[in-house]
>>> print(open('work_24.txt').read())   # compact mmCIF, C-alpha atoms and all ligand atoms
# COMPACT_ATOMS: atom_id res chain seq x y z
CA MET A 41 126.61 136.83 137.25
CA PRO A 42 129.97 136.59 139.04
CA ARG A 43 132.76 138.04 136.96
CA ASP A 44 136.16 136.57 137.43
CA ALA A 45 139.51 137.78 136.24
CA TYR A 46 142.53 135.61 135.70
CA VAL A 47 145.66 136.78 137.52
CA ASN A 48 148.87 134.76 137.36
CA GLY A 49 147.38 131.32 137.54
CA ARG A 50 144.30 132.10 139.64
CA TYR A 51 140.70 132.95 138.83
CA VAL A 52 139.70 135.72 141.24
CA PRO A 53 136.60 137.91 141.59
CA HIS A 54 137.06 140.80 139.16
CA ALA A 55 136.69 143.43 141.89
CA GLN A 56 139.56 141.88 143.83
CA ALA A 57 141.92 141.30 140.90
CA GLN A 58 145.23 143.01 141.58
CA VAL A 59 148.79 143.12 140.35
CA HIS A 60 151.95 144.07 142.24
CA VAL A 61 152.99 147.77 142.35
CA GLU A 62 156.33 146.80 140.82
CA ASP A 63 154.82 144.93 137.89
CA ARG A 64 156.83 146.27 134.96
CA GLY A 65 153.67 146.66 132.94
CA TYR A 66 152.41 149.11 135.54
CA GLN A 67 155.70 151.00 135.94
CA PHE A 68 157.15 150.98 132.42
CA ALA A 69 154.34 149.78 130.10
CA ASP A 70 156.74 146.85 129.63
CA ALA A 71 153.89 144.60 128.52
CA VAL A 72 151.90 143.46 125.50
CA TYR A 73 148.24 142.60 125.04
CA GLU A 74 145.61 141.08 122.80
CA VAL A 75 141.87 141.64 122.45
CA ILE A 76 140.06 138.66 120.96
CA ALA A 77 136.38 138.63 120.04
CA VAL A 78 134.14 135.96 121.53
CA HIS A 79 131.22 135.02 119.29
CA GLY A 80 128.82 132.21 120.12
CA GLY A 81 131.18 131.41 123.02
CA ARG A 82 134.00 130.81 120.53
CA LEU A 83 137.22 132.79 120.12
CA VAL A 84 137.26 134.46 116.69
CA ASP A 85 140.51 134.08 114.75
CA GLU A 86 142.23 132.72 117.84
CA GLU A 87 145.30 131.37 116.02
CA PRO A 88 146.19 134.62 114.21
CA HIS A 89 145.75 136.50 117.51
CA LEU A 90 148.13 134.08 119.25
CA ASP A 91 150.59 134.36 116.34
CA ARG A 92 150.56 138.14 116.76
CA LEU A 93 150.98 137.76 120.53
CA ASP A 94 154.03 135.62 119.81
CA HIS A 95 155.40 138.36 117.52
CA SER A 96 154.87 141.01 120.23
CA LEU A 97 156.46 138.88 122.96
CA SER A 98 159.46 137.80 120.91
CA SER A 99 160.07 141.37 119.66
CA LEU A 100 160.47 142.43 123.30
CA ALA A 101 162.21 139.25 124.53
CA ILE A 102 159.37 138.50 126.94
CA ALA A 103 158.82 134.76 127.43
CA TRP A 104 155.43 133.10 127.11
CA PRO A 105 154.02 132.78 130.66
CA MET A 106 152.77 129.28 129.79
CA SER A 107 152.47 127.13 126.71
CA ARG A 108 150.16 128.20 123.90
CA ALA A 109 147.95 125.16 124.59
CA ALA A 110 147.69 126.04 128.30
CA LEU A 111 146.83 129.65 127.47
CA LYS A 112 144.03 128.46 125.19
CA LEU A 113 142.60 126.35 128.02
CA ALA A 114 142.83 129.25 130.50
CA MET A 115 141.04 131.59 128.06
CA ARG A 116 138.25 129.05 127.57
CA GLU A 117 137.91 128.56 131.31
CA LEU A 118 137.56 132.32 131.92
CA ILE A 119 134.98 132.65 129.14
CA ARG A 120 133.07 129.71 130.60
CA ARG A 121 133.15 131.07 134.16
CA ASN A 122 131.98 134.49 133.01
CA GLY A 123 129.31 133.10 130.68
CA VAL A 124 130.52 135.14 127.72
CA GLU A 125 128.54 134.37 124.57
CA ARG A 126 129.39 137.58 122.73
CA GLY A 127 132.07 139.94 123.83
CA ILE A 128 135.82 140.05 124.18
CA ILE A 129 138.65 138.58 126.17
CA TYR A 130 141.52 140.90 127.05
CA LEU A 131 144.89 139.43 127.88
CA GLN A 132 148.01 141.22 128.98
CA ILE A 133 151.47 139.85 129.58
CA SER A 134 154.13 141.93 131.31
CA ARG A 135 157.81 141.17 131.78
CA GLY A 136 156.95 140.49 135.43
CA VAL A 137 157.61 141.96 138.87
CA ALA A 138 161.05 143.31 139.80
CA PRO A 139 162.62 146.28 141.67
CA ARG A 140 162.33 149.30 139.39
CA ASP A 141 165.25 149.47 136.96
CA HIS A 142 165.01 150.29 133.27
CA ALA A 143 167.14 147.37 132.08
CA PHE A 144 165.57 143.91 131.93
CA PRO A 145 165.73 142.37 135.44
CA LYS A 146 168.63 139.96 135.88
CA SER A 147 166.40 137.90 138.21
CA LYS A 148 164.34 136.93 135.12
CA PRO A 149 160.93 137.17 136.83
CA ARG A 150 158.06 135.07 135.60
CA PRO A 151 156.04 137.04 133.01
CA ALA A 152 152.77 138.20 134.56
CA LEU A 153 149.55 137.23 132.79
CA VAL A 154 146.19 138.85 133.49
CA MET A 155 142.95 138.28 131.60
CA THR A 156 139.51 139.85 131.80
CA THR A 157 136.35 139.46 129.75
CA ARG A 158 133.60 141.84 128.74
CA HIS A 159 130.16 141.19 127.31
CA ALA A 160 129.42 142.86 123.96
CA ARG A 161 127.55 146.13 124.00
CA ARG A 162 124.37 146.28 121.97
CA PRO A 163 125.22 147.46 118.42
CA ASN A 164 124.64 151.16 117.97
CA ALA A 165 121.97 151.16 115.23
CA ALA A 166 122.28 154.90 114.52
CA LEU A 167 126.03 154.61 114.09
CA LEU A 168 125.65 151.75 111.63
CA GLU A 169 122.90 153.60 109.77
CA LYS A 170 124.75 156.92 109.47
CA GLY A 171 128.34 155.75 109.59
CA ALA A 172 131.00 157.09 111.93
CA ALA A 173 132.90 160.36 111.92
CA ALA A 174 136.69 160.47 112.04
CA ILE A 175 139.17 163.27 112.57
CA THR A 176 142.87 163.40 111.73
CA VAL A 177 145.66 163.78 114.28
CA PRO A 178 149.44 163.74 113.81
CA ASP A 179 150.93 160.29 114.34
CA ILE A 180 153.24 160.91 117.29
CA ARG A 181 153.90 157.25 118.13
CA TRP A 182 157.17 155.32 118.25
CA GLN A 183 158.66 153.34 115.38
CA ARG A 184 157.49 149.85 116.41
CA CYS A 185 153.71 150.11 116.15
CA ASP A 186 153.67 146.52 114.87
CA ILE A 187 154.15 145.43 118.51
CA LYS A 188 150.86 145.35 120.40
CA SER A 189 152.31 147.10 123.43
CA VAL A 190 150.22 148.53 126.28
CA SER A 191 152.19 151.76 125.85
CA LEU A 192 149.24 153.61 124.30
CA LEU A 193 149.48 157.26 125.37
CA PRO A 194 149.47 158.74 121.83
CA ASN A 195 146.51 156.49 120.96
CA ILE A 196 144.65 157.57 124.10
CA LEU A 197 145.26 161.26 123.38
CA GLY A 198 144.11 160.84 119.78
CA LYS A 199 140.95 158.98 120.79
CA GLN A 200 140.17 161.58 123.44
CA LYS A 201 140.46 164.33 120.82
CA ALA A 202 138.05 162.36 118.63
CA VAL A 203 135.57 162.04 121.49
CA GLU A 204 135.84 165.75 122.27
CA SER A 205 135.18 166.49 118.57
CA GLY A 206 132.11 164.24 118.59
CA ALA A 207 133.91 161.72 116.37
CA TYR A 208 134.31 157.97 116.73
CA GLU A 209 137.96 157.61 115.76
CA ALA A 210 141.10 159.61 115.00
CA TRP A 211 143.11 158.63 111.93
CA GLN A 212 146.79 159.20 112.59
CA VAL A 213 148.75 160.99 109.89
CA ALA A 214 152.48 160.56 109.26
CA PRO A 215 154.67 163.60 108.47
CA ASP A 216 154.42 162.74 104.74
CA GLY A 217 150.64 163.28 104.82
CA THR A 218 149.68 159.60 104.64
CA VAL A 219 147.24 157.94 107.02
CA THR A 220 148.89 155.19 109.08
CA GLU A 221 145.92 153.82 111.06
CA GLY A 222 143.30 154.74 113.64
CA THR A 223 144.11 154.89 117.35
CA SER A 224 142.64 151.41 117.87
CA THR A 225 141.58 150.42 114.36
CA ASN A 226 142.97 149.99 110.83
CA ALA A 227 142.00 152.49 108.13
CA TRP A 228 140.68 151.75 104.63
CA ILE A 229 139.35 153.66 101.62
CA VAL A 230 137.47 152.64 98.48
CA THR A 231 138.77 154.49 95.43
CA GLU A 232 136.79 155.84 92.47
CA GLU A 233 137.79 152.63 90.64
CA GLY A 234 136.24 150.52 93.40
CA GLU A 235 139.57 149.24 94.76
CA LEU A 236 140.14 148.82 98.47
CA VAL A 237 143.25 150.56 99.75
CA THR A 238 144.80 150.01 103.16
CA ARG A 239 148.31 150.79 104.30
CA HIS A 240 150.87 148.02 103.75
CA LEU A 241 152.28 146.25 106.81
CA ASP A 242 155.53 147.47 108.30
CA HIS A 243 156.63 148.85 111.67
CA ALA A 244 154.32 151.90 111.33
CA ILE A 245 151.04 150.04 111.95
CA LEU A 246 149.59 147.11 113.81
CA SER A 247 148.84 144.07 111.70
CA GLY A 248 145.13 143.99 112.52
CA ILE A 249 143.59 140.54 112.65
CA THR A 250 140.32 141.98 111.34
CA ARG A 251 142.32 143.68 108.56
CA GLN A 252 143.78 140.27 107.68
CA ALA A 253 140.33 138.63 107.59
CA VAL A 254 138.74 141.47 105.58
CA LYS A 255 141.59 141.39 103.08
CA ARG A 256 140.94 137.69 102.49
CA ILE A 257 137.15 138.05 102.45
CA ALA A 258 137.35 140.92 99.94
CA ALA A 259 139.62 138.95 97.63
CA GLU A 260 137.23 135.97 97.81
CA GLY A 261 134.42 138.37 96.84
CA GLN A 262 136.40 139.57 93.78
CA ILE A 263 137.12 142.99 95.31
CA LYS A 264 140.65 144.14 94.57
CA VAL A 265 142.76 145.07 97.62
CA VAL A 266 145.82 147.28 97.24
CA GLU A 267 148.18 147.65 100.19
CA ARG A 268 149.94 151.00 99.99
CA PRO A 269 150.08 154.31 101.84
CA PHE A 270 147.21 156.72 101.07
CA THR A 271 147.01 160.43 101.77
CA VAL A 272 144.42 162.48 103.64
CA ALA A 273 143.59 164.10 100.27
CA GLU A 274 142.78 160.65 98.87
CA VAL A 275 140.39 160.02 101.76
CA HIS A 276 138.53 163.23 100.89
CA GLU A 277 138.25 162.08 97.26
CA ALA A 278 137.38 158.46 98.13
CA ARG A 279 134.07 156.88 97.29
CA GLU A 280 133.91 155.22 100.71
CA ALA A 281 136.01 154.77 103.81
CA PHE A 282 135.82 152.37 106.71
CA LEU A 283 137.74 151.05 109.69
CA THR A 284 138.33 147.53 110.97
CA SER A 285 138.99 146.13 114.44
CA THR A 286 138.12 143.27 116.76
CA THR A 287 135.58 145.41 118.61
CA SER A 288 134.12 147.50 115.74
CA PHE A 289 134.31 144.79 113.02
CA VAL A 290 133.89 146.76 109.74
CA LEU A 291 132.51 150.24 110.39
CA PRO A 292 131.84 152.78 107.61
CA ILE A 293 133.47 156.20 108.06
CA THR A 294 131.30 158.84 106.46
CA SER A 295 133.13 162.03 107.35
CA LEU A 296 136.70 163.14 107.94
CA ASP A 297 137.42 166.37 109.82
CA GLY A 298 133.80 167.40 109.27
CA ASP A 299 133.81 166.86 105.47
CA LYS A 300 131.59 164.22 103.91
CA ILE A 301 133.25 161.19 102.35
CA GLY A 302 131.49 160.17 99.11
CA ASP A 303 127.81 160.98 99.53
CA GLY A 304 128.18 161.02 103.33
CA LYS A 305 126.36 157.70 103.77
CA PRO A 306 127.75 154.20 104.39
CA GLY A 307 128.63 152.89 100.95
CA PRO A 308 127.70 149.54 99.39
CA ILE A 309 131.18 148.04 99.57
CA SER A 310 131.64 148.87 103.28
CA ARG A 311 128.18 147.48 104.04
CA ARG A 312 128.83 144.30 102.09
CA LEU A 313 132.20 143.77 103.77
CA ARG A 314 130.57 144.21 107.16
CA GLU A 315 128.00 141.53 106.30
CA TRP A 316 130.68 139.18 105.01
CA TYR A 317 132.78 139.78 108.11
CA LEU A 318 129.81 139.01 110.39
CA ASP A 319 129.35 135.74 108.44
CA HIS A 320 133.02 135.00 109.00
CA MET A 321 132.54 135.51 112.77
CA ASP A 322 129.63 133.06 112.67
CA SER A 323 131.59 130.33 110.94
CA PRO A 324 134.02 128.26 112.99
CA PRO A 325 137.46 127.71 111.43
CA SER A 326 137.60 124.49 109.41
CA ASP A 327 140.23 123.00 111.75
CA ALA A 328 138.30 124.02 114.92
CA ALA A 329 138.96 121.57 117.72
CA ALA A 330 137.12 123.51 120.43
N1 LIG B 401 142.83 147.56 119.04
N2 LIG B 401 145.47 149.37 115.14
C1 LIG B 401 145.63 149.59 116.46
C2 LIG B 401 146.56 150.66 116.90
C3 LIG B 401 144.91 148.82 117.40
O1 LIG B 401 145.06 149.04 118.71
C4 LIG B 401 144.01 147.82 116.93
C5 LIG B 401 143.24 146.94 117.87
C6 LIG B 401 143.88 147.64 115.54
C7 LIG B 401 142.98 146.58 114.94
O2 LIG B 401 143.49 145.29 115.21
P1 LIG B 401 142.52 144.04 115.34
O3 LIG B 401 141.76 143.96 114.08
O4 LIG B 401 143.46 142.90 115.53
O5 LIG B 401 141.62 144.27 116.54
C8 LIG B 401 144.65 148.42 114.68
C9 LIG B 401 142.20 146.76 120.07
C10 LIG B 401 140.83 146.27 119.68
C11 LIG B 401 142.19 147.54 121.37
O6 LIG B 401 143.23 148.17 121.65
O7 LIG B 401 141.22 147.51 122.12
>>> encode(input="work_24.txt", output="structure tokens")
Amino acid sequence: MPRDAYVNGRYVPHAQAQVHVEDRGYQFADAVYEVIAVHGGRLVDEEPHLDRLDHSLSSLAIAWPMSRAALKLAMRELIRRNGVERGIIYLQISRGVAPRDHAFPKSKPRPALVMTTRHARRPNAALLEKGAAAITVPDIRWQRCDIKSVSLLPNILGKQKAVESGAYEAWQVAPDGTVTEGTSTNAWIVTEEGELVTRHLDHAILSGITRQAVKRIAAEGQIKVVERPFTVAEVHEAREAFLTSTTSFVLPITSLDGDKIGDGKPGPISRRLREWYLDHMDSPPSDAAA
């Protein structure tokens, strides 16, 4: 199947998709991105993703490269061309192309938009059965992690450490001993009392769209959600732990730094939330026009 990428207004064969060497995303990581799940050919939680994109762009004074409506059409066209039923669409918007200079270019270049798609991998049955391992790493990121910037070096280094440790994810820990979030996921625990705890939103974490959906789904299912910082010690004492993201959905975490969490198996609340989240992916939004 031919795989196209979208590059600044054109659909081009993926292998030939290129950006300019002086794209500011390439030179300065002066760019933002989104990853949106495609399920049954439909974009999951499209509006909240576009709201977050708007937050990222406006926080950095990068203009939308086109209207929101036009972007929605372009995303649908790429998904259609690539025949994506289940997978993701990646979109990245940089401040544009300009001679290298740290300050924003006076020429006000057109923001550069690229998009690619990927088909979903088959779910890893063993991982779901056993749960995933996580390690802790110091959170060495900047103070605006609420912006979904492509500047991801600390995240990359953390994830690589996880991979080298045979773990799935690294949970980043602030100097005060609290867990902020994973390198590409949000972090949650279930306390002895059966309450869900996930860090409150501020500049220290990304406002995960899956986090948002799970928070709502949990409340609908009469599970109490508390948004507050939690410590590494609390994770070790938790009944269950799990992570959320567009690509991993809800994934139980059954060990941290080699120590079992709870009984070391995916717990009932994490499993139930995963099921409920999969149902949510299956159900189109009530105001769905496309
Ligand atoms: N990562 N925290 C960070 C640092 C992230 O990069 C992500 C998403 C999340 C979860 O957000 P969401 O539920 O909206 O996917 C939390 C994407 C999937 C990525 O970088 O590939």
>>> closest_residue(input="work_24.txt", among="A:Asp63, A:Glu233, A:Glu209, A:Glu74", to="ligand LIG 401 (chain B)", atoms="all atoms listed in the file")
A:Glu74
>>> closest_residue(input="work_24.txt", among="A:Trp104, A:Tyr73, A:Trp228, A:Tyr317", to="ligand LIG 401 (chain B)", atoms="all atoms listed in the file")
A:Tyr73
>>> axis_aligned_box(input="work_24.txt", around="segment 148-165 of chain A", padding_each_side="6 Å", output="JSON")
{"center_x": 143.2, "center_y": 143.1, "center_z": 126.0, "size_x": 54.4, "size_y": 28.1, "size_z": 33.6}
>>> closest_atom_pairs(input="work_24.txt", of="chain A", to="ligand LIG 401 (chain B)", cutoff="7 Å", atoms="all atoms listed in the file", output="Markdown table")
| residue | atom | partner | partner_atom | distance |
| --- | --- | --- | --- | --- |
| A:Val75 | CA | B:LIG401 | C10 | 5.5 |
| A:Glu221 | CA | B:LIG401 | N2 | 6.1 |
| A:Gly222 | CA | B:LIG401 | N2 | 6.0 |
| A:Thr223 | CA | B:LIG401 | C2 | 4.9 |
| A:Ser224 | CA | B:LIG401 | C3 | 3.5 |
| A:Thr225 | CA | B:LIG401 | C8 | 3.7 |
| A:Asn226 | CA | B:LIG401 | C8 | 4.5 |
| A:Ile245 | CA | B:LIG401 | N2 | 6.5 |
| A:Leu246 | CA | B:LIG401 | N2 | 4.9 |
| A:Ser247 | CA | B:LIG401 | O2 | 6.5 |
| A:Gly248 | CA | B:LIG401 | O2 | 3.4 |
| A:Ile249 | CA | B:LIG401 | O4 | 3.7 |
| A:Thr250 | CA | B:LIG401 | O3 | 3.7 |
| A:Arg251 | CA | B:LIG401 | O3 | 5.6 |
| A:Thr284 | CA | B:LIG401 | O3 | 5.8 |
| A:Ser285 | CA | B:LIG401 | O3 | 3.5 |
| A:Thr286 | CA | B:LIG401 | O5 | 3.6 |
| A:Thr287 | CA | B:LIG401 | C10 | 5.4 |
>>> residues_around(input="work_24.txt", residues="segment 183-189 of chain A", least_positions_apart="2", cutoff="9 Å", atoms="all atoms listed in the file", output="JSON, numbers by chain")
{"A": [69, 70, 71, 72, 73, 74, 92, 93, 95, 96, 97, 99, 100, 181, 191, 192, 241, 242, 243, 244, 245, 246, 247]}
>>> closest_atom_pairs(input="work_24.txt", of="segment 97-199 of chain A", to="segment 300-305 of chain A", cutoff="10 Å", atoms="only C-alpha atoms", output="JSON lines")
{"residue": "A:Leu168", "atom": "CA", "partner": "A:Lys305", "partner_atom": "CA", "distance": 9.9}
{"residue": "A:Glu169", "atom": "CA", "partner": "A:Lys305", "partner_atom": "CA", "distance": 8.0}
{"residue": "A:Lys170", "atom": "CA", "partner": "A:Lys305", "partner_atom": "CA", "distance": 6.0}
{"residue": "A:Gly171", "atom": "CA", "partner": "A:Lys305", "partner_atom": "CA", "distance": 6.4}
{"residue": "A:Ala172", "atom": "CA", "partner": "A:Lys305", "partner_atom": "CA", "distance": 9.4}
{"residue": "A:Ala173", "atom": "CA", "partner": "A:Lys300", "partner_atom": "CA", "distance": 9.0}
>>> residues_around(input="work_24.txt", residues="Thr220 of chain A", least_positions_apart="2", cutoff="8 Å", atoms="only C-alpha atoms", output="JSON, numbers by chain")
{"A": [179, 211, 212, 213, 214, 218, 222, 227, 239, 244, 245, 269]}
>>> atom_distance(input="work_24.txt", atom1="atom CA of Arg126 of chain A", atom2="atom CA of Gln56 of chain A")
23.8 Å
>>> atom_distance(input="work_24.txt", atom1="atom CA of Ala174 of chain A", atom2="atom CA of Ile229 of chain A")
12.7 Å
>>> residues_around(input="work_24.txt", residues="Ile175 of chain A", least_positions_apart="2", cutoff="6 Å", atoms="only C-alpha atoms", output="list in words")
Ala210, Leu296 and Asp297 of chain A
>>> atom_distance(input="work_24.txt", atom1="atom CA of Thr294 of chain A", atom2="atom CA of Glu277 of chain A")
12.0 Å
>>> closest_residue(input="work_24.txt", among="A:Val190, A:His60, A:His79, A:Arg43", to="Ser323 of chain A", atoms="only C-alpha atoms")
A:His79
>>> closest_residue(input="work_24.txt", among="A:Leu113, A:Val137, A:Ile128, A:Ala45", to="Ile76 of chain A", atoms="all atoms listed in the file")
A:Ile128
>>> closest_residue(input="work_24.txt", among="A:Gln58, A:Thr156, A:Thr271, A:Thr176", to="Tyr46 of chain A", atoms="only C-alpha atoms")
A:Thr156
>>> residues_around(input="work_24.txt", residues="Tyr51 of chain A", least_positions_apart="2", cutoff="10 Å", atoms="all atoms listed in the file", output="JSON, numbers by chain")
{"A": [43, 44, 45, 46, 47, 48, 49, 53, 54, 57, 114, 117, 118, 121, 154, 155, 156]}
>>> residues_near_point(input="work_24.txt", point="(139.7, 140.6, 105.9)", cutoff="12 Å", atoms="all atoms listed in the file", output="JSON list (two decimals) with C-alpha atoms, in the coordinates of the input")
[["chain", "number", "residue", "atom", "x", "y", "z"],
["A", 85, "ASP", "CA", 140.51, 134.08, 114.75],
["A", 226, "ASN", "CA", 142.97, 149.99, 110.83],
["A", 228, "TRP", "CA", 140.68, 151.75, 104.63],
["A", 236, "LEU", "CA", 140.14, 148.82, 98.47],
["A", 238, "THR", "CA", 144.80, 150.01, 103.16],
["A", 247, "SER", "CA", 148.84, 144.07, 111.70],
["A", 248, "GLY", "CA", 145.13, 143.99, 112.52],
["A", 249, "ILE", "CA", 143.59, 140.54, 112.65],
["A", 250, "THR", "CA", 140.32, 141.98, 111.34],
["A", 251, "ARG", "CA", 142.32, 143.68, 108.56],
["A", 252, "GLN", "CA", 143.78, 140.27, 107.68],
["A", 253, "ALA", "CA", 140.33, 138.63, 107.59],
["A", 254, "VAL", "CA", 138.74, 141.47, 105.58],
["A", 255, "LYS", "CA", 141.59, 141.39, 103.08],
["A", 256, "ARG", "CA", 140.94, 137.69, 102.49],
["A", 257, "ILE", "CA", 137.15, 138.05, 102.45],
["A", 258, "ALA", "CA", 137.35, 140.92, 99.94],
["A", 259, "ALA", "CA", 139.62, 138.95, 97.63],
["A", 260, "GLU", "CA", 137.23, 135.97, 97.81],
["A", 261, "GLY", "CA", 134.42, 138.37, 96.84],
["A", 263, "ILE", "CA", 137.12, 142.99, 95.31],
["A", 264, "LYS", "CA", 140.65, 144.14, 94.57],
["A", 265, "VAL", "CA", 142.76, 145.07, 97.62],
["A", 283, "LEU", "CA", 137.74, 151.05, 109.69],
["A", 284, "THR", "CA", 138.33, 147.53, 110.97],
["A", 285, "SER", "CA", 138.99, 146.13, 114.44],
["A", 286, "THR", "CA", 138.12, 143.27, 116.76],
["A", 289, "PHE", "CA", 134.31, 144.79, 113.02],
["A", 290, "VAL", "CA", 133.89, 146.76, 109.74],
["A", 310, "SER", "CA", 131.64, 148.87, 103.28],
["A", 313, "LEU", "CA", 132.20, 143.77, 103.77],
["A", 314, "ARG", "CA", 130.57, 144.21, 107.16],
["A", 315, "GLU", "CA", 128.00, 141.53, 106.30],
["A", 316, "TRP", "CA", 130.68, 139.18, 105.01],
["A", 317, "TYR", "CA", 132.78, 139.78, 108.11],
["A", 318, "LEU", "CA", 129.81, 139.01, 110.39],
["A", 319, "ASP", "CA", 129.35, 135.74, 108.44],
["A", 320, "HIS", "CA", 133.02, 135.00, 109.00],
["A", 321, "MET", "CA", 132.54, 135.51, 112.77]]
